[in-house]
2 protein chains.
Amino acid sequence: MKNNCRKENIFNNLNNKINAIIIKNNVEPFIDNNFFYFTGLDEGIFEGCCAILFPQKKSELIITELEYESSKKSTENIKIFNNKKKYEELIIEFLSSSKFIGLNFNNLLYKDYINFKKLLPNSKFINISEEINKLRIIKDNNEIKKIRNACNIVDKVMAKIPDIIYKEITENQLAAEINFLMQKMGAKKPAFTTISSFGQNSAEPHYSHGNVKLKKGDFILCDFGANFMRYNSDITRTFVFGEPNDKQRSMHKTIVNAQNIAFNELMAEVKAKDIHKKVFSFIEESKFKSLFIHSTGHSIGLNVHDVGEGLSSDSEILLKENMVFTIEPGIYLPKFGGVRIEDDIIIKKDGYELLTNANRNLITI
Amino acid sequence: MKNNCRKENIFNNLNNKINAIIIKNNVEPFIDNNFFYFTGLDEGIFEGCCAILFPQKKSELIITELEYESSKKSTENIKIFNNKKKYEELIIEFLSSSKFIGLNFNNLLYKDYINFKKLLPNSKFINISEEINKLRIIKDNNEIKKIRNACNIVDKVMAKIPDIIYKEITENQLAAEINFLMQKMGAKKPAFTTISSFGQNSAEPHYSHGNVKLKKGDFILCDFGANFMRYNSDITRTFVFGEPNDKQRSMHKTIVNAQNIAFNELMAEVKAKDIHKKVFSFIEESKFKSLFIHSTGHSIGLNVHDVGEGLSSDSEILLKENMVFTIEPGIYLPKFGGVRIEDDIIIKKDGYELLTNANRNLITI
C-alpha cells in the first residue's frame with residue numbers, strides 16, 4: 001500500500017464528505033505521527049508543520065525552511081514558511097474555500113484548534129480521529145516489514161542480556177548496554193525509556209532505572225523497544241540473578257500461563273476486551289489476585305501505544321487481520337518485585353503470529 | 001524553591017482569580033511536563049493522569065493504578081482510577097464546585113478540553129499557558145543544578161568524539177556510541193534523537209543518522225543532549241575528518257564568530273529578538289547569505305524546546321536572570337554540508353555563564 005492509498009482510504013472512510021484534512025504537527029514532544037503516516041516522510045521532525053490533504057489533488061505540505069531538505073523526498077507540493085504570518089497566509093490560501101475540514105482532535109493541541117477557527121471562520125471542523133485510527137490500526141505490508149525489523153532487533157538484544165549481566169552492574173549500566181546494542185543492530189533510537197529494574201523496583205511498572213546495584217536473588221525486569229524507520233517494537237522478559245525462590249518461580253509461571261491464555265484466544269473477529277477478561281480472571285483466581293494492574297496489551301506501530309487501542313476492559317474493538325498488538329501480562333508485589341512478559345504479535349485470520357521470539361522460560365543468570 | 005513554591009507562584013501570577021488548575025497529562029508522546037513541574041515527581045510516566053492544584057489546600061493527583069508506586073514519592077493527596085468512569089467521577093468530585101479553572105491550552109489535547117467541558121458544565125476554563133511559561137522560563141536552583149549535570153555529561157561525551165571516530169564508521173554507529181557514553185555518564189536517556197551526520201547530510205539540519213560511512217574530507221556534525229532527572233542539555237559541534245578545505249574553514253569560522261556575536265549581547269533586560277537579528281545580519285553580510293535558516297537558540301529545561309520561547313525574530317521576550325538558552329547559529333549549503341555550533345548558557349544580571357564548555361575550535365580528526 002502506497003501513501004497515496006492511505007490518503008484515498010481516509011477520504012473513502014469519510015464517505016468523501018470532507019473537502020480537506022489538516023494534519024498539524026506541533027513541537028516535540030507533541031508530535032502527531034499521522035503527519036508521517038500520510039506523507040510517508042521518514043527523516044526530519046517537521047515541528048509546527050502541516051500536511052493538507054485533498055481528495056482529488058496533490059497534498060500541500062506547509063513546512064519550515066529547516067525541513068526543506070528532508071521534505072524533498074516527498075512527491076507532494078511543498079510550501080515553505082519562516083514566520084507565523086507566512087504560515088497563516090498559506091493556511092488561508094489553501095483552505096479558505098474548504099467548507100468541511102477534517103481534523104484529528106485526538107492529537108491536536110487546543111491552541112492549534114483555536115487558531116484554525118480564527119483563520120478559517122467559514123469552515124466547519126469535523127473530528128476524524130476515529131476514522132484515522134480505524135485505518136492505522138490495520139497495518140499494511142510496508143508497515144509490517146518495518147515492525148518485523150524492529151522486533152528482530154529486540155529479540156537479538158534480549159538474547160544477549162544474560163551475557164551482559166554481572167554482579168553489581170547497576171540498572172543504569174544495563175539500560176545503557178541495551179540501548180547501545182539496539183542501536184548497533186539498526187534501531188534509530190529506543191522506542192521509549194528502557195526499563196531495567198532490579199529487585200523490588202520491578203514492582204513499579206513504570207520505574208525505569210537508577211543507580212541501584214544488582215544483588216543475588218534479584219528479579220531483573222527488562223522492558224524495551226526499538227524504533228526502526230519510525231515503527232516500534234516492545235518486549236519484556238523477567239530474569240532472576242541466581243537461584244529463584246519458590247515465590248519467584250510461581251510468579252513467573254503464572255505470567256507465562258497468563259500469556260498463553262491470551263495467545264490461545266487471539267484471532268480475527270474476537271473482541272479485544274474478552275481476551276483481557278480471560279487473562280484478568282486467570283490471575284484473579286491465582287494466588288496473585290489483584291496484582292495485575294494494567295491492560296493485557298496495546299496496539300503498536302508508529303506510536304508505542306498506537307491509536308489509543310488495546311486489550312483492556314474499556315476496549316470496544318474486534319480483532320482484525322494485520323492488527324499488531326503487544327501481549328504483556330504482569331504481576332507486581334510491592335516491596336518484593338514484579339514479573340512481566342511481553343511479546344508483539346500480528347493477528348491472522350485463524351490465529352496470530354509471534355513477531356518477537358526471545359526465550360520465554362525463566363532464565364536464571 | 002520547592003514545588004510548593006511553584007504552586008504558590010502560579011496562583012500569585014494569576015492574581016488568585018482561579019479556583020483550581022488542572023494539568024492533564026496524556027499518553028506518550030503527548031506528555032505535558034507541567035505535570036512533573038508542579039508535582040516534582042521524577043519517576044513514572046503518568047500517562048492519562050491529572051494534577052489538580054488548589055490555592056489553599058493540598059493538590060489532588062488523579063492517577064492510574066500503574067503509577068501508584070511511583071506516586072508515593074509525592075506528599076500530595078493521591079487518588080487512583082482504573083477505568084474511564086472512575087477518572088471522570090474523580091474530576092467531578094474535586095472540581096464541580098470550582099467556577100474558574102485554569103487549563104494549559106498550549107499542551108492540552110483538544111479532546112481533553114472537550115471532555116472537561118462535558119464533565120464540568122458550570123465551570124469556566126481559563127487559558128493559563130502564558131502564566132505557566134513565564135514561571136517556567138526562569139529556572140530555580142533545583143532546576144539549574146539538574147541542567148548543569150545534563151550539560152556536564154554532554155561536555156564529557158563531546159570531548160571523547162575524536163577518539164571514537166575512525167575511517168568508515170557509519171553515522172548510525174557514531175550515534176550509538178554517543179548515546180551509550182551519555183548513559184554511562186549518568187543520562188537517563190538522550191534528550192532527543194542524536195544527530196551524527198556526515199558530509200552533505202550535515203546540510204539537513206534535522207537529518208539524524210543513517211547507514212552512511214565516513215569519508216576523508218567530510219564534515220561530522222554532532223548534535224545531542226542528555227536528559228538528567230527530566231532536565232535536558234543540547235550541544236552541537238562540527239568536526240572535519242582530515243584536512244579541512246578553505247570553504248569548510250571559512251564556514252566554521254563564520255559560525256564561531258556568529259556565536260560570539262550572540263554571546264556578547266547576552267544579559268538581563270536585552271530583547272531576545274535583537275540578539276537573533278544581530279546574528280542573522282552578521283551571517284547575511286557574510287559570503288554565506290541566506291544559509292542561516294533557523295532561530296539563534298531556544299529556551300531549554302524540562303523540554304528541549306522549553307516553553308516555546310527562543311531567540312528568534314518572532315520572540316517578544318526580554319532576557320531575565322536564570323533563563324537558560326541554547327545559542328546555535330548554523331549555515332547549511334545544500335549538496336556540500338553544514339556547520340552548527342551550539343552551547344547552553346544561563347543569563348546573569350550583567351552577562352551570561354556558559355553551561356557547556358567543550359572545545360569550540362575547528363577540530364580535525
# chains A, B, ... in the order shown; residues from 1 in each chain; ligands from 1
>>> interface_residues(of="chain B", to="chain A", cutoff="7 Å", atoms="only C-alpha atoms", output="MDAnalysis selection string")
chainID B and resid 29:31 43:45 65:67 69:70 105:111 173 176 180 183:184 189 193 204:207 293:294
>>> write_last_selection(atoms="N, CA and C atoms", output="JSON list (two decimals), in the first residue's frame")
[["chain", "number", "residue", "atom", "x", "y", "z"],
["B", 29, "PRO", "N", 3.27, 10.31, 22.74],
["B", 29, "PRO", "CA", 4.26, 11.32, 23.12],
["B", 29, "PRO", "C", 3.64, 12.60, 23.69],
["B", 30, "PHE", "N", 2.34, 12.62, 23.97],
["B", 30, "PHE", "CA", 1.68, 13.86, 24.38],
["B", 30, "PHE", "C", 1.79, 14.08, 25.90],
["B", 31, "ILE", "N", 3.03, 14.14, 26.34],
["B", 31, "ILE", "CA", 3.34, 14.29, 27.76],
["B", 31, "ILE", "C", 3.50, 15.77, 28.07],
["B", 43, "GLU", "N", 10.02, 9.96, 38.75],
["B", 43, "GLU", "CA", 9.94, 8.64, 38.10],
["B", 43, "GLU", "C", 8.52, 8.48, 37.55],
["B", 44, "GLY", "N", 8.32, 7.48, 36.68],
["B", 44, "GLY", "CA", 6.99, 7.22, 36.14],
["B", 44, "GLY", "C", 6.69, 8.05, 34.91],
["B", 45, "ILE", "N", 5.61, 7.71, 34.24],
["B", 45, "ILE", "CA", 5.22, 8.43, 33.02],
["B", 45, "ILE", "C", 3.91, 9.17, 33.28],
["B", 65, "GLU", "N", -3.58, 3.14, 38.46],
["B", 65, "GLU", "CA", -3.04, 2.15, 39.38],
["B", 65, "GLU", "C", -1.56, 1.86, 39.07],
["B", 66, "LEU", "N", -1.29, 1.89, 37.78],
["B", 66, "LEU", "CA", 0.04, 1.60, 37.26],
["B", 66, "LEU", "C", 1.11, 2.51, 37.85],
["B", 67, "GLU", "N", 0.73, 3.71, 38.24],
["B", 67, "GLU", "CA", 1.70, 4.70, 38.71],
["B", 67, "GLU", "C", 1.67, 4.84, 40.22],
["B", 69, "GLU", "N", 2.91, 3.16, 42.77],
["B", 69, "GLU", "CA", 4.20, 3.07, 43.47],
["B", 69, "GLU", "C", 5.01, 4.35, 43.23],
["B", 70, "SER", "N", 5.07, 4.79, 41.96],
["B", 70, "SER", "CA", 5.85, 6.00, 41.64],
["B", 70, "SER", "C", 5.27, 7.23, 42.33],
["B", 105, "PHE", "N", -3.79, 25.50, 27.72],
["B", 105, "PHE", "CA", -4.23, 25.26, 26.34],
["B", 105, "PHE", "C", -3.07, 24.85, 25.42],
["B", 106, "ASN", "N", -1.87, 25.33, 25.74],
["B", 106, "ASN", "CA", -0.72, 25.06, 24.84],
["B", 106, "ASN", "C", -0.36, 23.58, 24.76],
["B", 107, "ASN", "N", -0.57, 22.87, 25.84],
["B", 107, "ASN", "CA", -0.16, 21.46, 25.85],
["B", 107, "ASN", "C", -1.34, 20.51, 26.06],
["B", 108, "LEU", "N", -2.53, 21.05, 25.98],
["B", 108, "LEU", "CA", -3.74, 20.24, 26.23],
["B", 108, "LEU", "C", -4.30, 19.77, 24.89],
["B", 109, "LEU", "N", -4.62, 18.49, 24.82],
["B", 109, "LEU", "CA", -5.24, 18.00, 23.59],
["B", 109, "LEU", "C", -6.69, 18.47, 23.52],
["B", 110, "TYR", "N", -7.14, 18.74, 22.30],
["B", 110, "TYR", "CA", -8.49, 19.26, 22.11],
["B", 110, "TYR", "C", -9.53, 18.28, 22.67],
["B", 111, "LYS", "N", -9.27, 16.97, 22.52],
["B", 111, "LYS", "CA", -10.25, 16.00, 23.03],
["B", 111, "LYS", "C", -10.38, 16.08, 24.56],
["B", 173, "GLN", "N", 26.55, 4.11, 13.78],
["B", 173, "GLN", "CA", 27.47, 3.63, 14.82],
["B", 173, "GLN", "C", 27.89, 4.78, 15.73],
["B", 176, "ALA", "N", 25.14, 5.59, 18.12],
["B", 176, "ALA", "CA", 25.06, 4.56, 19.18],
["B", 176, "ALA", "C", 26.13, 4.80, 20.24],
["B", 180, "PHE", "N", 25.46, 5.77, 24.14],
["B", 180, "PHE", "CA", 26.00, 4.86, 25.15],
["B", 180, "PHE", "C", 26.83, 5.63, 26.18],
["B", 183, "GLN", "N", 24.68, 7.73, 28.51],
["B", 183, "GLN", "CA", 24.00, 6.95, 29.56],
["B", 183, "GLN", "C", 25.00, 6.46, 30.60],
["B", 184, "LYS", "N", 26.19, 6.06, 30.15],
["B", 184, "LYS", "CA", 27.19, 5.60, 31.12],
["B", 184, "LYS", "C", 27.59, 6.73, 32.06],
["B", 189, "LYS", "N", 18.41, 9.24, 29.45],
["B", 189, "LYS", "CA", 18.20, 8.92, 28.04],
["B", 189, "LYS", "C", 18.69, 10.11, 27.22],
["B", 193, "THR", "N", 16.54, 12.67, 19.47],
["B", 193, "THR", "CA", 17.26, 11.77, 18.58],
["B", 193, "THR", "C", 18.61, 12.40, 18.23],
["B", 204, "GLU", "N", 21.34, 19.06, 6.10],
["B", 204, "GLU", "CA", 19.93, 18.92, 6.50],
["B", 204, "GLU", "C", 19.87, 19.07, 8.01],
["B", 205, "PRO", "N", 19.42, 20.20, 8.50],
["B", 205, "PRO", "CA", 19.51, 20.45, 9.95],
["B", 205, "PRO", "C", 18.85, 19.36, 10.80],
["B", 206, "HIS", "N", 17.79, 18.74, 10.32],
["B", 206, "HIS", "CA", 17.10, 17.74, 11.14],
["B", 206, "HIS", "C", 17.32, 16.30, 10.68],
["B", 207, "TYR", "N", 18.24, 16.07, 9.76],
["B", 207, "TYR", "CA", 18.63, 14.70, 9.43],
["B", 207, "TYR", "C", 19.32, 14.13, 10.66],
["B", 293, "ILE", "N", 19.03, 29.33, 8.52],
["B", 293, "ILE", "CA", 17.59, 29.14, 8.27],
["B", 293, "ILE", "C", 16.80, 28.77, 9.52],
["B", 294, "HIS", "N", 17.36, 29.03, 10.68],
["B", 294, "HIS", "CA", 16.58, 28.77, 11.90],
["B", 294, "HIS", "C", 16.87, 29.86, 12.91]]
>>> select_by_dssp(residues="range 94-272 of chain B", states="helix (DSSP H, G or I)", output="ChimeraX atom specification")
/B:94-95,110-119,129-136,141-164,171-184,199-203,246-265,272
>>> write_last_selection(atoms="C-alpha atoms", output="CSV table (one decimal), in the first residue's frame")
chain,number,residue,atom,x,y,z
B,94,PHE,CA,-12.9,17.6,43.0
B,95,LEU,CA,-13.9,20.3,40.5
B,110,TYR,CA,-8.5,19.3,22.1
B,111,LYS,CA,-10.3,16.0,23.0
B,112,ASP,CA,-9.4,16.5,26.7
B,113,TYR,CA,-10.7,20.1,26.6
B,114,ILE,CA,-14.0,18.8,25.2
B,115,ASN,CA,-14.2,16.2,27.9
B,116,PHE,CA,-13.6,18.7,30.7
B,117,LYS,CA,-16.3,20.9,29.3
B,118,LYS,CA,-18.7,18.0,29.3
B,119,LEU,CA,-17.8,16.9,32.9
B,129,SER,CA,-0.3,28.7,29.4
B,130,GLU,CA,1.3,32.1,29.3
B,131,GLU,CA,1.5,32.4,33.1
B,132,ILE,CA,3.0,28.9,33.4
B,133,ASN,CA,5.5,29.7,30.7
B,134,LYS,CA,6.5,32.9,32.4
B,135,LEU,CA,7.2,30.9,35.6
B,136,ARG,CA,9.0,28.0,33.9
B,141,ASN,CA,18.2,26.5,41.8
B,142,ASN,CA,16.9,22.9,41.9
B,143,GLU,CA,16.4,23.1,38.1
B,144,ILE,CA,19.7,24.8,37.4
B,145,LYS,CA,21.5,22.0,39.3
B,146,LYS,CA,19.9,19.4,37.1
B,147,ILE,CA,20.6,21.3,33.9
B,148,ARG,CA,24.3,21.7,34.9
B,149,ASN,CA,24.5,18.0,35.4
B,150,ALA,CA,23.0,17.4,32.0
B,151,CYS,CA,25.5,19.9,30.5
B,152,ASN,CA,28.5,18.3,32.2
B,153,ILE,CA,27.5,14.9,30.6
B,154,VAL,CA,27.5,16.3,27.0
B,155,ASP,CA,30.7,18.1,27.5
B,156,LYS,CA,32.5,14.9,28.5
B,157,VAL,CA,31.0,13.0,25.7
B,158,MET,CA,31.8,15.7,23.1
B,159,ALA,CA,35.5,15.6,24.3
B,160,LYS,CA,35.6,11.9,23.5
B,161,ILE,CA,34.3,12.0,20.0
B,162,PRO,CA,37.7,12.4,18.3
B,163,ASP,CA,38.8,9.1,19.9
B,164,ILE,CA,35.6,7.3,18.8
B,171,GLU,CA,26.6,7.7,11.2
B,172,ASN,CA,24.5,5.0,13.0
B,173,GLN,CA,27.5,3.6,14.8
B,174,LEU,CA,28.6,7.1,15.9
B,175,ALA,CA,25.1,7.9,17.3
B,176,ALA,CA,25.1,4.6,19.2
B,177,GLU,CA,28.4,5.4,20.8
B,178,ILE,CA,27.3,8.9,21.7
B,179,ASN,CA,24.1,7.6,23.3
B,180,PHE,CA,26.0,4.9,25.2
B,181,LEU,CA,28.5,7.3,26.6
B,182,MET,CA,25.8,9.7,27.7
B,183,GLN,CA,24.0,7.0,29.6
B,184,LYS,CA,27.2,5.6,31.1
B,199,GLY,CA,29.4,15.2,4.6
B,200,GLN,CA,26.5,16.6,2.7
B,201,ASN,CA,23.9,15.1,5.1
B,202,SER,CA,25.0,17.8,7.6
B,203,ALA,CA,23.3,20.3,5.3
B,246,ASP,CA,39.1,26.6,2.6
B,247,LYS,CA,35.4,26.6,2.3
B,248,GLN,CA,35.0,24.4,5.4
B,249,ARG,CA,37.4,26.6,7.4
B,250,SER,CA,35.5,29.7,6.4
B,251,MET,CA,32.1,28.2,7.2
B,252,HIS,CA,33.3,27.1,10.6
B,253,LYS,CA,35.0,30.5,11.4
B,254,THR,CA,31.8,32.3,10.4
B,255,ILE,CA,29.8,30.3,12.8
B,256,VAL,CA,32.3,30.7,15.7
B,257,ASN,CA,32.1,34.5,15.1
B,258,ALA,CA,28.3,34.4,14.8
B,259,GLN,CA,28.1,32.6,18.2
B,260,ASN,CA,30.4,35.2,19.7
B,261,ILE,CA,28.2,38.0,18.5
B,262,ALA,CA,25.3,36.4,20.4
B,263,PHE,CA,27.5,35.8,23.5
B,264,ASN,CA,28.5,39.5,23.5
B,265,GLU,CA,24.9,40.6,23.7
B,272,ALA,CA,15.7,38.1,22.6
>>> atom_distance(atom1="CA of Phe228 in chain A", atom2="CA of Ala191 in chain A")
8.6 Å
>>> closest_residue(among="B:Lys24, B:Lys277, B:Lys287, B:Arg237", to="Glu328 in chain B", atoms="only C-alpha atoms")
B:Arg237
>>> select_by_dssp(residues="range 50-287 of chain B", states="strand (DSSP E or B)", output="MDAnalysis selection string")
chainID B and resid 50:53 60:64 77:81 100:103 109 124:127 138 170 189:190 195:198 213 219:224 226:228 231:232 235:240 271
>>> residues_around(residues="Ala51 in chain B", least_positions_apart="2", cutoff="9 Å", atoms="only C-alpha atoms", output="PyMOL selection string")
chain B and resi 21-25+35+38-39+49+53+59-63
>>> write_last_selection(atoms="N, CA, C and O atoms", output="compact mmCIF listing (two decimals), in the first residue's frame")
# COMPACT_ATOMS: atom_id res chain seq x y z
N ILE B 21 -6.50 24.55 39.21
CA ILE B 21 -5.78 24.34 37.94
C ILE B 21 -5.75 22.84 37.68
O ILE B 21 -5.49 22.06 38.60
N ILE B 22 -6.07 22.47 36.45
CA ILE B 22 -5.90 21.05 36.07
C ILE B 22 -4.72 20.97 35.11
O ILE B 22 -4.69 21.66 34.09
N ILE B 23 -3.77 20.10 35.44
CA ILE B 23 -2.70 19.77 34.50
C ILE B 23 -2.98 18.35 34.04
O ILE B 23 -2.81 17.39 34.80
N LYS B 24 -3.42 18.20 32.79
CA LYS B 24 -3.79 16.88 32.27
C LYS B 24 -2.65 16.36 31.41
O LYS B 24 -2.28 17.00 30.42
N ASN B 25 -2.15 15.23 31.80
CA ASN B 25 -1.10 14.57 31.04
C ASN B 25 -1.77 13.54 30.13
O ASN B 25 -2.64 12.81 30.60
N PHE B 35 3.06 18.59 34.40
CA PHE B 35 2.68 17.63 35.43
C PHE B 35 3.86 17.38 36.37
O PHE B 35 3.72 17.35 37.59
N PHE B 38 4.92 20.72 38.42
CA PHE B 38 4.13 21.09 39.60
C PHE B 38 4.07 19.99 40.65
O PHE B 38 3.80 20.28 41.81
N THR B 39 4.28 18.75 40.27
CA THR B 39 4.25 17.67 41.28
C THR B 39 5.64 17.35 41.82
O THR B 39 5.75 16.78 42.90
N CYS B 49 -2.90 10.87 33.45
CA CYS B 49 -3.11 11.31 34.83
C CYS B 49 -3.32 12.83 34.89
O CYS B 49 -2.96 13.56 33.97
N LEU B 53 -4.53 21.38 41.12
CA LEU B 53 -3.90 22.27 42.10
C LEU B 53 -4.95 23.23 42.65
O LEU B 53 -5.77 23.76 41.90
N SER B 59 -2.73 19.50 46.72
CA SER B 59 -3.15 19.08 45.38
C SER B 59 -3.72 17.67 45.44
O SER B 59 -3.41 16.89 46.34
N GLU B 60 -4.56 17.36 44.44
CA GLU B 60 -5.07 16.00 44.28
C GLU B 60 -4.43 15.43 43.02
O GLU B 60 -4.54 16.01 41.94
N LEU B 61 -3.75 14.30 43.16
CA LEU B 61 -3.19 13.64 41.98
C LEU B 61 -4.11 12.48 41.62
O LEU B 61 -4.31 11.57 42.43
N ILE B 62 -4.68 12.56 40.42
CA ILE B 62 -5.60 11.52 39.95
C ILE B 62 -4.81 10.64 39.01
O ILE B 62 -4.48 11.05 37.89
N ILE B 63 -4.49 9.45 39.48
CA ILE B 63 -3.52 8.65 38.73
C ILE B 63 -3.98 7.22 38.53
O ILE B 63 -4.82 6.70 39.26
>>> residues_around(residues="Val339 in chain A", least_positions_apart="4", cutoff="6 Å", atoms="only C-alpha atoms", output="list in words")
Thr238, Gly330 and Ile331 of chain A
>>> write_last_selection(atoms="C-alpha atoms", output="PDB file, in the first residue's frame")
ATOM      1  CA  THR A 238      11.994 -11.048  33.653  1.00  0.00           C
ATOM      2  CA  GLY A 330       2.340  -8.782  34.657  1.00  0.00           C
ATOM      3  CA  ILE A 331       2.020  -9.010  38.429  1.00  0.00           C
TER       4      ILE A 331
END
>>> residues_around(residues="Ile347 in chain A", least_positions_apart="6", cutoff="9 Å", atoms="only C-alpha atoms", output="VMD selection string")
chain A and resid 266 to 268 319 to 325 353
>>> atom_distance(atom1="CA of Gly40 in chain B", atom2="CA of Asp344 in chain B")
23.4 Å
>>> decode(residues="range 302-311 of chain A", atoms="all heavy atoms", output="CSV table (one decimal), in the first residue's frame")
chain,number,residue,atom,x,y,z
A,302,LEU,N,3.5,3.1,14.6
A,302,LEU,CA,4.2,4.4,14.6
A,302,LEU,C,4.3,5.0,16.0
A,302,LEU,O,5.3,5.6,16.3
A,302,LEU,CB,3.4,5.4,13.7
A,302,LEU,CG,3.7,5.4,12.2
A,302,LEU,CD1,2.7,6.3,11.5
A,302,LEU,CD2,5.1,5.8,11.9
A,303,ASN,N,3.3,4.7,16.8
A,303,ASN,CA,3.4,5.0,18.3
A,303,ASN,C,3.5,3.7,19.0
A,303,ASN,O,3.1,2.7,18.6
A,303,ASN,CB,2.1,5.8,18.8
A,303,ASN,CG,2.0,7.2,18.2
A,303,ASN,OD1,1.8,7.4,17.0
A,303,ASN,ND2,2.2,8.2,19.0
A,304,VAL,N,4.2,3.8,20.2
A,304,VAL,CA,4.3,2.6,21.0
A,304,VAL,C,2.9,2.2,21.5
A,304,VAL,O,2.6,1.0,21.4
A,304,VAL,CB,5.3,2.9,22.2
A,304,VAL,CG1,5.4,1.6,23.0
A,304,VAL,CG2,6.7,3.3,21.7
A,305,HIS,N,2.2,3.1,22.0
A,305,HIS,CA,0.8,2.8,22.3
A,305,HIS,C,0.0,3.4,21.2
A,305,HIS,O,-0.3,4.6,21.1
A,305,HIS,CB,0.4,3.4,23.7
A,305,HIS,CG,1.0,2.7,24.8
A,305,HIS,ND1,0.2,2.3,25.9
A,305,HIS,CD2,2.2,2.4,25.1
A,305,HIS,CE1,1.0,1.7,26.8
A,305,HIS,NE2,2.3,1.7,26.3
A,306,ASP,N,-0.2,2.6,20.2
A,306,ASP,CA,-0.7,3.1,18.9
A,306,ASP,C,-2.2,3.3,18.9
A,306,ASP,O,-2.9,2.4,19.4
A,306,ASP,CB,-0.3,2.1,17.8
A,306,ASP,CG,-0.1,2.7,16.4
A,306,ASP,OD1,0.5,3.8,16.3
A,306,ASP,OD2,-0.6,2.1,15.4
A,307,VAL,N,-2.6,4.4,18.3
A,307,VAL,CA,-4.0,4.8,18.1
A,307,VAL,C,-4.9,4.5,19.3
A,307,VAL,O,-6.1,4.4,19.2
A,307,VAL,CB,-4.6,4.0,16.8
A,307,VAL,CG1,-3.7,4.3,15.6
A,307,VAL,CG2,-4.8,2.6,17.0
A,308,GLY,N,-4.3,4.6,20.5
A,308,GLY,CA,-5.1,4.5,21.7
A,308,GLY,C,-5.9,3.2,22.0
A,308,GLY,O,-6.8,3.2,22.8
A,309,GLU,N,-5.6,2.2,21.3
A,309,GLU,CA,-6.3,0.9,21.4
A,309,GLU,C,-5.5,-0.2,22.1
A,309,GLU,O,-4.3,-0.2,22.0
A,309,GLU,CB,-6.8,0.4,20.1
A,309,GLU,CG,-8.1,1.2,19.6
A,309,GLU,CD,-9.3,1.0,20.5
A,309,GLU,OE1,-9.3,0.2,21.4
A,309,GLU,OE2,-10.3,1.8,20.3
A,310,GLY,N,-6.2,-1.1,22.8
A,310,GLY,CA,-5.5,-2.2,23.4
A,310,GLY,C,-6.5,-3.3,23.8
A,310,GLY,O,-7.6,-3.3,23.5
A,311,LEU,N,-5.9,-4.2,24.5
A,311,LEU,CA,-6.7,-5.3,25.0
A,311,LEU,C,-7.0,-5.0,26.5
A,311,LEU,O,-6.2,-5.4,27.4
A,311,LEU,CB,-5.9,-6.6,24.9
A,311,LEU,CG,-5.3,-6.9,23.5
A,311,LEU,CD1,-4.3,-8.1,23.6
A,311,LEU,CD2,-6.4,-7.3,22.5
